[in-house]
Amino acid sequence: MDDEDHVAAGFAAGDEYCVEAVYRRWRPLVHSLARRSLGDEREAEDVTQQVFLAAWRGRRGYRPGPGGLGAWLTGITRHKVADALEARTRRIRAAAAAARAAEGLGTHLGALAHPAPEPERVLDRVLVLGELARLPSAQRRVVCLAFYGDLTQTQIAARTGLPLGTVKSHMRRALQVLRHSLESPRPQPRPLPVPR
């Protein structure tokens with residue numbers, strides 16, 4: 001049994017030294033693959049952590065094969081990169097839907113009241129999207145599915161697999177946070193000094 005086989009067997013058995021050795025040996029490759037595929041350092045670092053966490057959790061299922069542990073970790077990396085790209089696509093779609101919904105809401109409200117000047121509408125959209133982005137991901141997902149996906153809380157529970165009570169709690173907390181942050185007075189810009 002060569003050194004790599006010994007480390008792989010120790011990793012599968014949960015040996016702390018071998019886990020550390022596997023991380024040191026394969027982290028650069030995993031990170032490089034993720035960075036090249038995602039084009040984003042932060043996402044690549046997240047994926048790298050996810051790969052090693054998934055490998056640790058699934059270590060008992062590791063079976064030596066062609067390419068050894070490196071090939072196994074590369075396979076996990078491909079799956080985690082695909083998940084990250086899918087999540088990115090969902091975020092982009094949600095942001096686009098939010099922009100369309102905000103535009104539609106602005107148009108609808110404009111018919112009922114004075115239309116806001118274009119810069120104000122843009123600012124309002126940016127503020128709402130910014131506040132949505134600050135919500136915890138579970139709350140943000142529930143709010144986006146409700147308002148942009150036009151789903152009921154029961155439908156959200158079915159789609160996400162969350163219990164209905166959890167969906168209701170996420171919605172209530174998110175709306176309270178949004179109401180508080182959006183009702184807070186905006187800081188007024190300070191006037192520029194007049195040159196003498």
# chains A, B, ... in the order shown; residues from 1 in each chain; ligands from 1
$ residues_around --residues "A:Leu175" --least-positions-apart "6" --cutoff "12 Å" --atoms "only C-alpha atoms" --output "list of chain:residue names"
A:Val128, A:Glu131, A:Leu132, A:Leu135, A:Gln139, A:Arg140, A:Val142, A:Val143, A:Cys144, A:Ala146, A:Phe147, A:Lys168, A:Ser169, A:Ser181, A:Leu182, A:Glu183
$ write_last_selection --atoms "C-alpha atoms" --output "mmCIF file, in the first residue's frame"
data_model
loop_
_atom_site.group_PDB
_atom_site.id
_atom_site.type_symbol
_atom_site.label_atom_id
_atom_site.label_comp_id
_atom_site.auth_asym_id
_atom_site.auth_seq_id
_atom_site.Cartn_x
_atom_site.Cartn_y
_atom_site.Cartn_z
ATOM 1 C CA VAL A 128 -36.072 47.259 -1.546
ATOM 2 C CA GLU A 131 -33.125 45.206 2.159
ATOM 3 C CA LEU A 132 -34.195 41.868 0.670
ATOM 4 C CA LEU A 135 -32.523 39.066 5.036
ATOM 5 C CA GLN A 139 -36.549 34.375 4.852
ATOM 6 C CA ARG A 140 -35.500 35.989 1.559
ATOM 7 C CA VAL A 142 -39.915 32.717 1.234
ATOM 8 C CA VAL A 143 -40.564 36.411 0.522
ATOM 9 C CA CYS A 144 -39.379 36.136 -3.095
ATOM 10 C CA ALA A 146 -44.526 34.793 -2.249
ATOM 11 C CA PHE A 147 -44.212 38.168 -3.930
ATOM 12 C CA LYS A 168 -45.286 31.538 8.170
ATOM 13 C CA SER A 169 -42.629 32.417 10.772
ATOM 14 C CA SER A 181 -35.964 49.162 7.691
ATOM 15 C CA LEU A 182 -38.039 50.697 4.897
ATOM 16 C CA GLU A 183 -40.043 52.961 7.227
#
$ residues_around --residues "stretch 74-78 of chain A" --least-positions-apart "5" --cutoff "9 Å" --atoms "only C-alpha atoms" --output "VMD selection string"
chain A and resid 29 to 31 33 to 34 47 to 48 50 to 52 54 to 55 69 83
